[in-house]
file my_file26.txt (compact mmCIF, C-alpha atoms)
# COMPACT_ATOMS: atom_id res chain seq x y z
CA MET A 7 -200.72 -75.56 -89.70
CA LEU A 8 -197.75 -77.49 -91.06
CA THR A 9 -197.83 -78.13 -94.77
CA ILE A 10 -195.51 -80.67 -96.36
CA ARG A 11 -194.93 -80.14 -100.03
CA LYS A 12 -194.87 -83.01 -102.52
CA GLU A 13 -191.14 -82.49 -103.10
CA GLN A 14 -190.46 -82.72 -99.37
CA MET A 15 -192.54 -85.88 -99.16
CA GLU A 16 -190.49 -87.38 -102.00
CA ALA A 17 -187.27 -86.46 -100.21
CA PHE A 18 -188.49 -88.15 -97.01
CA ARG A 19 -189.46 -91.25 -98.98
CA GLU A 20 -186.10 -91.38 -100.72
CA ALA A 21 -184.23 -90.99 -97.44
CA ARG A 22 -186.29 -93.81 -95.90
CA PHE A 23 -185.53 -96.01 -98.91
CA GLU A 24 -181.78 -95.37 -98.56
CA ARG A 25 -181.81 -96.05 -94.80
CA LEU A 26 -183.60 -99.35 -95.35
CA VAL A 27 -181.11 -100.35 -98.08
CA GLU A 28 -178.23 -99.62 -95.70
CA ARG A 29 -179.75 -101.67 -92.88
CA VAL A 30 -180.55 -104.61 -95.15
CA ALA A 31 -176.96 -104.68 -96.46
CA LYS A 32 -175.58 -104.38 -92.91
CA HIS A 33 -177.77 -107.33 -91.89
CA LEU A 34 -175.87 -109.61 -94.31
CA ARG A 35 -172.50 -108.19 -93.24
CA ASP A 36 -173.27 -108.84 -89.55
CA THR A 37 -174.94 -112.23 -90.01
CA LEU A 38 -172.86 -113.87 -92.74
CA PRO A 39 -169.56 -111.96 -92.96
CA ASP A 40 -168.07 -114.63 -95.23
CA ALA A 41 -170.88 -114.17 -97.73
CA TYR A 42 -170.50 -110.41 -97.50
CA THR A 43 -166.80 -110.73 -98.31
CA PHE A 44 -167.52 -113.24 -101.08
CA PHE A 45 -169.98 -110.97 -102.88
CA GLY A 46 -168.36 -107.66 -102.01
CA LYS A 47 -169.78 -104.39 -100.73
CA GLU A 48 -171.08 -103.11 -104.07
CA THR A 49 -172.90 -106.31 -105.02
CA VAL A 50 -174.50 -106.58 -101.59
CA ARG A 51 -175.60 -102.96 -101.67
CA SER A 52 -177.04 -103.23 -105.17
CA SER A 53 -178.84 -106.45 -104.21
CA ALA A 54 -180.26 -104.72 -101.11
CA LYS A 55 -181.49 -101.91 -103.36
CA LYS A 56 -183.02 -104.45 -105.70
CA ALA A 57 -184.71 -106.24 -102.78
CA VAL A 58 -186.32 -103.05 -101.48
CA SER A 59 -187.45 -102.05 -104.99
CA ARG A 60 -188.87 -105.48 -105.80
CA CYS A 61 -190.70 -105.55 -102.49
CA ARG A 62 -192.43 -102.29 -103.40
CA ARG A 63 -193.41 -103.82 -106.74
CA TYR A 64 -194.83 -106.96 -105.07
CA SER A 65 -196.56 -105.09 -102.22
CA VAL A 66 -194.24 -106.59 -99.63
CA ASN A 67 -194.31 -103.66 -97.25
CA VAL A 68 -193.54 -104.88 -93.74
CA GLU A 69 -189.90 -104.28 -92.92
CA TYR A 70 -189.26 -107.81 -91.61
CA ASP A 71 -190.68 -109.20 -94.86
CA VAL A 72 -188.33 -106.99 -96.91
CA PHE A 73 -185.43 -108.53 -94.98
CA ARG A 74 -186.81 -112.01 -95.68
CA TYR A 75 -187.06 -111.21 -99.40
CA PHE A 76 -183.41 -110.10 -99.37
CA ASN A 77 -182.45 -113.33 -97.53
CA LEU A 78 -184.10 -115.40 -100.24
CA MET A 79 -182.05 -113.60 -102.88
CA PHE A 80 -178.92 -115.02 -101.24
CA VAL A 81 -180.43 -118.50 -101.18
CA LEU A 82 -182.28 -118.79 -104.49
CA GLY A 83 -180.46 -116.22 -106.61
CA PHE A 84 -180.73 -112.46 -107.04
CA ASP A 85 -183.48 -112.76 -109.65
CA PHE A 86 -185.40 -115.65 -108.11
CA ASP A 87 -188.67 -113.78 -108.68
CA THR A 88 -188.32 -114.23 -112.45
CA ASP A 89 -186.16 -117.38 -112.48
CA SER A 90 -187.75 -120.25 -114.44
CA GLY A 91 -185.99 -122.63 -112.03
CA CYS A 92 -188.42 -121.64 -109.27
CA PRO A 93 -191.67 -120.82 -111.06
CA TRP A 94 -193.61 -120.96 -107.79
CA ALA A 95 -191.89 -117.73 -106.70
CA ALA A 96 -193.42 -115.65 -109.48
CA SER A 97 -196.86 -117.16 -108.98
CA ILE A 98 -196.80 -116.37 -105.25
CA LEU A 99 -195.38 -112.86 -105.65
CA ASN A 100 -197.86 -111.93 -108.38
CA ASP A 101 -200.91 -113.32 -106.58
CA PRO A 102 -203.15 -110.31 -105.86
CA MET A 103 -205.02 -112.28 -103.20
CA LEU A 104 -202.00 -112.50 -100.89
CA THR A 105 -200.52 -109.90 -98.57
CA GLY A 106 -196.78 -109.38 -98.38
CA THR A 107 -196.43 -111.35 -95.15
CA VAL A 108 -198.33 -114.31 -96.53
CA LYS A 109 -196.24 -114.17 -99.70
CA MET A 110 -193.04 -114.33 -97.67
CA ASP A 111 -194.35 -117.17 -95.47
CA LEU A 112 -195.25 -119.20 -98.57
CA LEU A 113 -191.97 -118.37 -100.35
CA ASN A 114 -189.97 -119.49 -97.33
CA SER A 115 -191.87 -122.79 -97.16
CA GLU A 116 -191.30 -123.39 -100.86
CA ALA A 117 -187.64 -122.39 -100.61
CA ARG A 118 -187.04 -124.87 -97.76
CA ALA A 119 -188.66 -127.65 -99.78
CA PHE A 120 -186.66 -126.58 -102.87
CA LEU A 121 -183.36 -126.78 -100.96
CA ASP A 122 -184.35 -130.17 -99.50
CA ARG A 123 -184.96 -131.56 -102.98
CA ARG A 124 -181.53 -130.53 -104.34
CA MET B 18 -170.93 -116.48 -107.63
CA SER B 19 -172.64 -119.73 -108.63
CA SER B 20 -170.52 -121.68 -106.12
CA TRP B 21 -172.22 -119.81 -103.28
CA PHE B 22 -175.73 -120.69 -104.48
CA GLU B 23 -174.79 -124.32 -105.08
CA SER B 24 -173.59 -124.74 -101.51
CA VAL B 25 -176.28 -122.78 -99.72
CA THR B 26 -178.51 -124.79 -97.38
CA ASN B 27 -181.66 -124.45 -95.31
CA ALA B 28 -179.45 -123.65 -92.32
CA VAL B 29 -178.23 -120.48 -94.06
CA LEU B 30 -181.80 -119.38 -94.70
CA GLU B 31 -182.78 -120.05 -91.09
CA THR B 32 -179.75 -118.12 -89.80
CA LEU B 33 -180.57 -115.13 -91.99
CA ASN B 34 -184.26 -115.14 -91.05
CA GLU B 35 -183.50 -115.44 -87.34
CA ALA B 36 -181.07 -112.53 -87.53
CA ALA B 37 -183.60 -110.48 -89.51
CA LYS B 38 -186.09 -110.82 -86.65
CA SER B 39 -183.83 -108.90 -84.31
CA VAL B 40 -182.76 -106.14 -86.70
CA SER B 41 -186.05 -105.41 -88.46
CA SER B 42 -189.45 -104.27 -87.31
CA LEU B 43 -193.05 -104.99 -88.24
CA ILE B 44 -193.45 -101.40 -89.46
CA ASP B 45 -195.19 -100.99 -92.79
CA THR B 46 -192.51 -99.41 -94.99
CA SER B 47 -195.06 -98.11 -97.48
CA SER B 48 -196.88 -95.95 -94.96
CA SER B 49 -195.71 -92.62 -93.62
CA SER B 50 -198.65 -92.05 -91.34
CA SER B 51 -198.45 -92.73 -87.65
CA ASN B 52 -202.13 -92.20 -87.01
CA CYS B 53 -203.77 -95.60 -86.78
CA PRO B 54 -207.54 -95.71 -86.88
CA ALA B 55 -209.27 -97.34 -83.95
CA ASN B 56 -210.09 -101.03 -84.38
CA ASN B 57 -213.76 -101.66 -84.14
CA TRP B 58 -214.37 -105.23 -85.19
CA THR B 59 -212.77 -108.45 -84.07
CA LEU B 60 -212.58 -111.78 -85.82
CA LYS B 61 -211.16 -114.81 -84.07
CA ILE B 62 -210.12 -117.67 -86.33
CA GLN B 63 -209.52 -120.94 -84.57
CA VAL B 64 -207.53 -123.54 -86.47
CA VAL B 65 -207.95 -127.12 -85.28
CA SER B 66 -206.42 -130.36 -86.46
CA ALA B 67 -208.75 -133.14 -87.58
CA GLU B 68 -206.09 -135.66 -86.63
CA GLN B 69 -205.58 -136.69 -83.06
CA GLY B 70 -202.15 -135.66 -81.83
CA LYS B 71 -200.95 -134.29 -85.19
CA TRP B 72 -200.16 -130.72 -86.19
CA PRO B 73 -198.28 -129.24 -89.20
CA THR B 74 -194.53 -129.19 -88.65
CA ASP B 75 -193.93 -126.24 -90.96
CA SER B 76 -195.26 -122.75 -90.48
CA PHE B 77 -198.39 -121.59 -92.22
CA SER B 78 -200.49 -118.48 -92.58
CA VAL B 79 -204.11 -117.78 -91.86
CA GLY B 80 -206.06 -114.96 -93.41
CA LEU B 81 -209.34 -113.52 -94.50
CA VAL B 82 -209.54 -113.55 -98.29
CA ILE B 83 -211.51 -110.53 -99.40
CA PRO B 84 -212.37 -110.69 -103.11
CA GLY B 85 -211.74 -107.56 -105.12
CA GLN B 86 -209.59 -105.87 -102.50
CA VAL B 87 -206.17 -106.32 -101.06
CA ARG B 88 -207.33 -109.33 -99.71
CA ILE B 89 -205.98 -110.63 -96.51
CA VAL B 90 -206.36 -108.87 -93.23
CA ASP B 91 -203.17 -109.51 -91.37
CA PRO B 92 -203.44 -110.70 -87.81
CA SER B 93 -202.91 -108.10 -85.14
CA GLY B 94 -200.13 -110.25 -83.77
CA ASN B 95 -202.44 -111.82 -81.24
CA LEU B 96 -201.76 -115.50 -81.83
CA ARG B 97 -201.87 -118.23 -79.24
CA MET B 98 -201.84 -122.00 -79.23
CA THR B 99 -204.97 -123.11 -77.40
CA SER B 100 -203.76 -126.71 -77.27
CA GLU B 101 -201.15 -128.85 -79.01
CA ASN B 102 -203.58 -129.28 -81.89
CA SER B 103 -205.18 -125.87 -82.22
CA LEU B 104 -204.39 -122.21 -82.38
CA GLU B 105 -206.37 -119.02 -82.31
CA LEU B 106 -205.67 -115.84 -84.24
CA THR B 107 -207.35 -112.54 -83.54
CA PHE B 108 -207.85 -110.15 -86.43
CA THR B 109 -209.01 -106.60 -85.89
CA GLY B 110 -210.08 -103.96 -88.36
CA THR B 111 -212.37 -101.11 -89.21
CA GLY B 112 -215.22 -100.66 -91.61
CA PRO B 113 -217.27 -103.29 -93.37
CA LYS B 114 -215.36 -106.32 -94.64
CA SER B 115 -216.53 -109.60 -96.05
CA GLY B 116 -214.34 -112.55 -96.93
CA GLN B 117 -213.45 -116.19 -96.65
CA PRO B 118 -211.34 -117.41 -93.73
CA LYS B 119 -208.50 -119.48 -95.13
CA ALA B 120 -205.40 -121.31 -93.92
CA PHE B 121 -202.49 -121.32 -96.40
CA LEU B 122 -200.70 -124.60 -95.91
CA ARG B 123 -198.18 -126.60 -97.91
CA THR B 124 -198.27 -130.00 -96.31
CA TRP B 125 -201.81 -129.92 -94.92
CA ASP B 126 -205.23 -129.07 -96.36
CA GLN B 127 -208.06 -126.95 -95.07
CA ILE B 128 -210.97 -129.39 -95.10
CA SER B 129 -213.74 -127.26 -93.62
CA CYS B 130 -214.65 -123.91 -92.16
CA SER B 131 -217.55 -123.21 -89.80
CA ASP B 132 -218.42 -120.05 -91.73
CA ALA B 133 -217.43 -120.07 -95.40
CA ASN B 134 -218.00 -116.33 -95.77
CA VAL B 135 -217.74 -113.86 -92.91
CA SER B 136 -219.20 -110.36 -92.94
CA LEU B 137 -217.83 -107.88 -90.44
CA ASP B 138 -218.77 -104.36 -89.47
CA SER B 139 -218.17 -101.95 -86.63
CA GLY B 140 -218.71 -103.48 -83.24
CA ASP B 141 -218.79 -107.07 -84.53
CA SER B 142 -217.01 -109.81 -82.64
CA LYS B 143 -217.09 -113.15 -84.44
CA THR B 144 -215.37 -116.50 -84.18
CA VAL B 145 -214.91 -119.09 -86.94
CA THR B 146 -213.23 -122.48 -86.88
CA ILE B 147 -211.06 -123.87 -89.67
CA THR B 148 -210.36 -127.59 -89.60
CA ILE B 149 -207.17 -128.86 -91.22
CA GLN B 150 -205.90 -132.32 -92.12
CA SER B 151 -202.53 -133.58 -93.34
CA LYS B 152 -202.18 -134.26 -97.05
CA PRO B 153 -202.14 -137.91 -98.09
CA TRP B 154 -198.90 -139.81 -98.42
CA ILE B 155 -197.84 -143.14 -99.87
CA ALA B 156 -194.90 -145.37 -98.98
CA PHE B 157 -193.17 -147.82 -101.34
CA HIS B 158 -191.01 -150.57 -99.95
CA VAL B 159 -189.15 -152.55 -102.61
CA VAL B 160 -188.46 -156.10 -101.45
CA ASP B 161 -186.86 -159.17 -102.96
CA SER B 162 -189.48 -161.72 -103.91
CA PRO B 163 -188.21 -164.96 -102.38
CA SER B 164 -186.62 -163.55 -99.24
CA GLY B 165 -188.92 -160.64 -98.52
CA LYS B 166 -185.89 -158.53 -97.62
CA ALA B 167 -185.71 -154.88 -98.64
CA ILE B 168 -183.41 -154.14 -101.58
CA PRO B 169 -181.41 -151.06 -100.61
CA SER B 170 -180.23 -148.43 -103.09
CA VAL B 171 -183.00 -149.00 -105.59
CA VAL B 172 -183.93 -145.61 -106.99
CA LEU B 173 -187.59 -145.13 -107.75
CA THR B 174 -188.83 -142.40 -110.01
CA VAL B 175 -192.33 -141.67 -108.86
CA ASP B 176 -194.57 -139.46 -110.96
CA THR B 177 -196.69 -137.27 -108.74
CA PRO B 178 -199.00 -134.47 -109.92
CA GLY B 179 -196.48 -131.76 -109.10
CA GLN B 180 -193.34 -133.26 -110.57
CA PRO B 181 -191.43 -136.54 -110.75
CA GLN B 182 -189.62 -137.40 -107.52
CA ARG B 183 -186.55 -139.62 -107.35
CA LYS B 184 -186.25 -141.55 -104.08
CA ARG B 185 -183.85 -144.17 -102.84
CA ASN B 186 -185.04 -147.35 -101.13
CA SER B 187 -183.19 -148.36 -98.00
CA ASP B 188 -183.28 -151.59 -96.02
CA ASP B 189 -185.19 -150.11 -93.11
CA GLN B 190 -187.12 -147.12 -94.43
CA PRO B 191 -189.74 -147.22 -97.16
CA VAL B 192 -189.70 -144.71 -99.97
CA LEU B 193 -192.11 -142.08 -98.78
CA VAL B 194 -193.99 -139.78 -101.13
CA GLU B 195 -195.74 -137.12 -99.14
CA PHE B 196 -198.09 -134.22 -99.60
CA LEU B 197 -200.22 -135.47 -102.46
CA ASP B 198 -203.46 -133.74 -103.24
CA ARG B 199 -206.58 -135.65 -102.31
CA GLY B 200 -207.71 -137.87 -105.18
CA ALA B 201 -204.36 -137.53 -106.97
CA THR B 202 -202.69 -140.50 -108.62
CA CYS B 203 -199.13 -141.59 -108.02
CA LYS B 204 -197.26 -143.86 -110.42
CA ILE B 205 -193.87 -145.57 -110.35
CA GLU B 206 -192.23 -144.59 -113.64
CA GLN B 207 -188.87 -146.29 -113.20
CA MET B 208 -186.87 -148.44 -110.81
CA VAL B 209 -183.07 -148.49 -111.16
CA HIS B 210 -180.39 -150.26 -109.17
CA PRO B 211 -177.05 -148.42 -109.41
CA GLU B 212 -174.87 -151.54 -109.48
CA ASP B 213 -176.78 -153.91 -111.69
CA ASP B 214 -178.66 -153.84 -114.91
CA TRP B 215 -181.64 -155.56 -113.33
CA ILE B 216 -184.83 -156.51 -115.03
CA TRP B 217 -187.80 -155.94 -112.80
CA TYR B 218 -191.13 -157.52 -112.69
CA VAL B 219 -193.74 -156.86 -110.11
CA GLU B 220 -194.75 -160.06 -108.43
CA GLU B 221 -197.09 -158.57 -105.93
CA PHE B 222 -198.34 -155.24 -104.64
CA THR B 223 -199.34 -155.16 -101.03
CA SER B 224 -201.05 -152.35 -99.24
CA GLN B 225 -202.21 -151.66 -95.74

call {"tool": "encode", "arguments": {"input": "my_file26.txt", "output": "structure tokens"}}
result
Amino acid sequence: MLTIRKEQMEAFREARFERLVERVAKHLRDTLPDAYTFFGKETVRSSAKKAVSRCRRYSVNVEYDVFRYFNLMFVLGFDFDTDSGCPWAASILNDPMLTGTVKMDLLNSEARAFLDRR
Amino acid sequence: MSSWFESVTNAVLETLNEAAKSVSSLIDTSSSSSNCPANNWTLKIQVVSAEQGKWPTDSFSVGLVIPGQVRIVDPSGNLRMTSENSLELTFTGTGPKSGQPKAFLRTWDQISCSDANVSLDSGDSKTVTITIQSKPWIAFHVVDSPSGKAIPSVVLTVDTPGQPQRKRNSDDQPVLVEFLDRGATCKIEQMVHPEDDWIWYVEEFTSQ
């Protein structure tokens, strides 16, 4: 029987977190290289880290939804989840009745409408 | 940094989301287990439009709201349009669940559901129908009294329940205020013409 200790589990989890951060940051570099250059490697990486952490906090667990959360950070601002300029974001993200995917669908709809209104 | 956010558009968001589809998966990042339990109940939710030939233009979600738990059973990915005005989602799961089928829409409303509360258990196969309808809208067309011609560039500030909206009248398109809640009131707070210090009086309201 294979037994995985708690410490090993933590190490796996941490490694998975780091891999996801790397892929999320690479996604911006590959998709919008100008934006990547504008913000710089360190800012993009720290924002990717923030996106993955915030997604854990808001129960946004599906990988595609984590990417969508990160995308919104580069559209609405890095702290859009607590920004008083888009109060709908906090109310969606903190709604315990919604799953992560539904939260991201609703946030994207609201973000599109928000950008249209500007 | 602020210059980036000031110039960002919907097109940027769409580009990023499209790219994310190809580089990410639908894997649950919070789970480390690869052993999925067998699905043993099925719920089909059909969403139909109450309006002939109309369907929401923006995306929306459908779920089963389960009070007191984590609340929406995600679809298994089995989604198909059954016609131009209806779609069907298949949800699968295990164990007893009870909840309210719900469509989460921004520009449309859910107006009815064939089964307000659904109870599911092993072996069940159920179908419910949600009917949706577009939210009300109102159009203002500002016209000159003697000639009846539209006055372009008049800016209307319209107070709607969500927030005031500022809209510009043109000579061929009315000022359209969309997506009001049913029973909501809508009031013109101000009308301004950018070139003149005009004094307005309303001679007539027409509606159709």

call {"tool": "residues_around", "arguments": {"input": "my_file26.txt", "residues": "Gln182 (chain B)", "least_positions_apart": "2", "cutoff": "9 Å", "atoms": "all atoms listed in the file", "output": "list in words"}}
result
Arg123 of chain A; Leu173, Thr174, Val175, Asp176, Thr177, Gln180, Lys184 and Val194 of chain B

call {"tool": "interface_residues", "arguments": {"input": "my_file26.txt", "of": "chain A", "to": "chain B", "cutoff": "9 Å", "atoms": "only C-alpha atoms", "output": "ChimeraX atom specification"}}
result
/A:19,22-23,26,29-30,33-34,36-38,41,44-45,62,65-74,77-78,80-83,102-105,107-108,111-112,114-119,121-123

call {"tool": "closest_residue", "arguments": {"input": "my_file26.txt", "among": "B:Ile128, B:Pro181, B:Pro191, B:Val145", "to": "His158 (chain B)", "atoms": "only C-alpha atoms"}}
result
B:Pro191

call {"tool": "atom_distance", "arguments": {"input": "my_file26.txt", "atom1": "CA of Ser52 (chain A)", "atom2": "CA of Asp89 (chain A)"}}
result
18.4 Å

call {"tool": "residues_around", "arguments": {"input": "my_file26.txt", "residues": "region 98-101 of chain A", "least_positions_apart": "3", "cutoff": "8 Å", "atoms": "only C-alpha atoms", "output": "PyMOL selection string"}}
result
chain A and resi 64+87+94-95+104+109+112-113

call {"tool": "atom_distance", "arguments": {"input": "my_file26.txt", "atom1": "CA of Gln14 (chain A)", "atom2": "CA of Val50 (chain A)"}}
result
28.8 Å

call {"tool": "atom_distance", "arguments": {"input": "my_file26.txt", "atom1": "CA of Thr144 (chain B)", "atom2": "CA of Glu68 (chain B)"}}
result
21.4 Å

call {"tool": "build_atoms", "arguments": {"input": "my_file26.txt", "residues": "region 62-91 of chain A", "atoms": "N, CA and C atoms", "output": "CSV table (one decimal), in the coordinates of the input"}}
result
chain,number,residue,atom,x,y,z
A,62,ARG,N,-191.4,-103.3,-103.1
A,62,ARG,CA,-192.4,-102.3,-103.4
A,62,ARG,C,-193.3,-102.8,-104.5
A,63,ARG,N,-192.7,-103.4,-105.6
A,63,ARG,CA,-193.4,-103.8,-106.7
A,63,ARG,C,-194.4,-104.9,-106.3
A,64,TYR,N,-194.0,-105.8,-105.4
A,64,TYR,CA,-194.8,-107.0,-105.1
A,64,TYR,C,-195.7,-106.7,-103.8
A,65,SER,N,-195.8,-105.5,-103.4
A,65,SER,CA,-196.6,-105.1,-102.2
A,65,SER,C,-196.1,-105.8,-101.0
A,66,VAL,N,-194.8,-106.0,-100.9
A,66,VAL,CA,-194.2,-106.6,-99.6
A,66,VAL,C,-193.7,-105.4,-98.8
A,67,ASN,N,-194.5,-105.0,-97.9
A,67,ASN,CA,-194.3,-103.7,-97.2
A,67,ASN,C,-193.8,-103.7,-95.8
A,68,VAL,N,-194.0,-104.8,-95.1
A,68,VAL,CA,-193.5,-104.9,-93.7
A,68,VAL,C,-192.0,-105.1,-93.7
A,69,GLU,N,-191.4,-104.3,-92.9
A,69,GLU,CA,-189.9,-104.3,-92.9
A,69,GLU,C,-189.3,-105.7,-92.8
A,70,TYR,N,-189.8,-106.5,-91.8
A,70,TYR,CA,-189.3,-107.8,-91.6
A,70,TYR,C,-189.4,-108.6,-92.9
A,71,ASP,N,-190.5,-108.4,-93.6
A,71,ASP,CA,-190.7,-109.2,-94.9
A,71,ASP,C,-189.7,-108.8,-96.0
A,72,VAL,N,-189.3,-107.5,-96.0
A,72,VAL,CA,-188.3,-107.0,-96.9
A,72,VAL,C,-187.0,-107.7,-96.6
A,73,PHE,N,-186.7,-107.8,-95.4
A,73,PHE,CA,-185.4,-108.5,-95.0
A,73,PHE,C,-185.5,-110.0,-95.5
A,74,ARG,N,-186.7,-110.6,-95.3
A,74,ARG,CA,-186.8,-112.0,-95.7
A,74,ARG,C,-186.7,-112.2,-97.2
A,75,TYR,N,-187.2,-111.2,-97.9
A,75,TYR,CA,-187.1,-111.2,-99.4
A,75,TYR,C,-185.6,-111.2,-99.8
A,76,PHE,N,-184.9,-110.2,-99.1
A,76,PHE,CA,-183.4,-110.1,-99.4
A,76,PHE,C,-182.7,-111.4,-99.0
A,77,ASN,N,-183.1,-112.1,-97.9
A,77,ASN,CA,-182.4,-113.3,-97.5
A,77,ASN,C,-182.6,-114.4,-98.6
A,78,LEU,N,-183.8,-114.4,-99.2
A,78,LEU,CA,-184.1,-115.4,-100.2
A,78,LEU,C,-183.2,-115.1,-101.5
A,79,MET,N,-182.9,-113.9,-101.7
A,79,MET,CA,-182.0,-113.6,-102.9
A,79,MET,C,-180.7,-114.3,-102.7
A,80,PHE,N,-180.2,-114.4,-101.5
A,80,PHE,CA,-178.9,-115.0,-101.2
A,80,PHE,C,-179.0,-116.5,-101.1
A,81,VAL,N,-180.2,-117.0,-101.2
A,81,VAL,CA,-180.4,-118.5,-101.2
A,81,VAL,C,-180.8,-119.0,-102.5
A,82,LEU,N,-181.7,-118.3,-103.2
A,82,LEU,CA,-182.3,-118.8,-104.5
A,82,LEU,C,-181.7,-118.1,-105.7
A,83,GLY,N,-181.0,-117.0,-105.5
A,83,GLY,CA,-180.5,-116.2,-106.6
A,83,GLY,C,-181.1,-114.8,-106.6
A,84,PHE,N,-180.3,-113.9,-107.1
A,84,PHE,CA,-180.7,-112.5,-107.0
A,84,PHE,C,-182.0,-112.2,-107.8
A,85,ASP,N,-182.3,-113.0,-108.9
A,85,ASP,CA,-183.5,-112.8,-109.6
A,85,ASP,C,-184.4,-113.9,-109.5
A,86,PHE,N,-184.5,-114.5,-108.3
A,86,PHE,CA,-185.4,-115.6,-108.1
A,86,PHE,C,-186.9,-115.4,-108.5
A,87,ASP,N,-187.3,-114.1,-108.4
A,87,ASP,CA,-188.7,-113.8,-108.7
A,87,ASP,C,-189.0,-114.0,-110.1
A,88,THR,N,-188.0,-114.0,-111.0
A,88,THR,CA,-188.3,-114.2,-112.4
A,88,THR,C,-187.6,-115.5,-113.0
A,89,ASP,N,-187.0,-116.2,-112.1
A,89,ASP,CA,-186.2,-117.4,-112.5
A,89,ASP,C,-187.1,-118.6,-112.8
A,90,SER,N,-186.9,-119.1,-114.0
A,90,SER,CA,-187.8,-120.2,-114.4
A,90,SER,C,-187.5,-121.5,-113.6
A,91,GLY,N,-186.3,-121.5,-112.9
A,91,GLY,CA,-186.0,-122.6,-112.0
A,91,GLY,C,-186.9,-122.7,-110.8
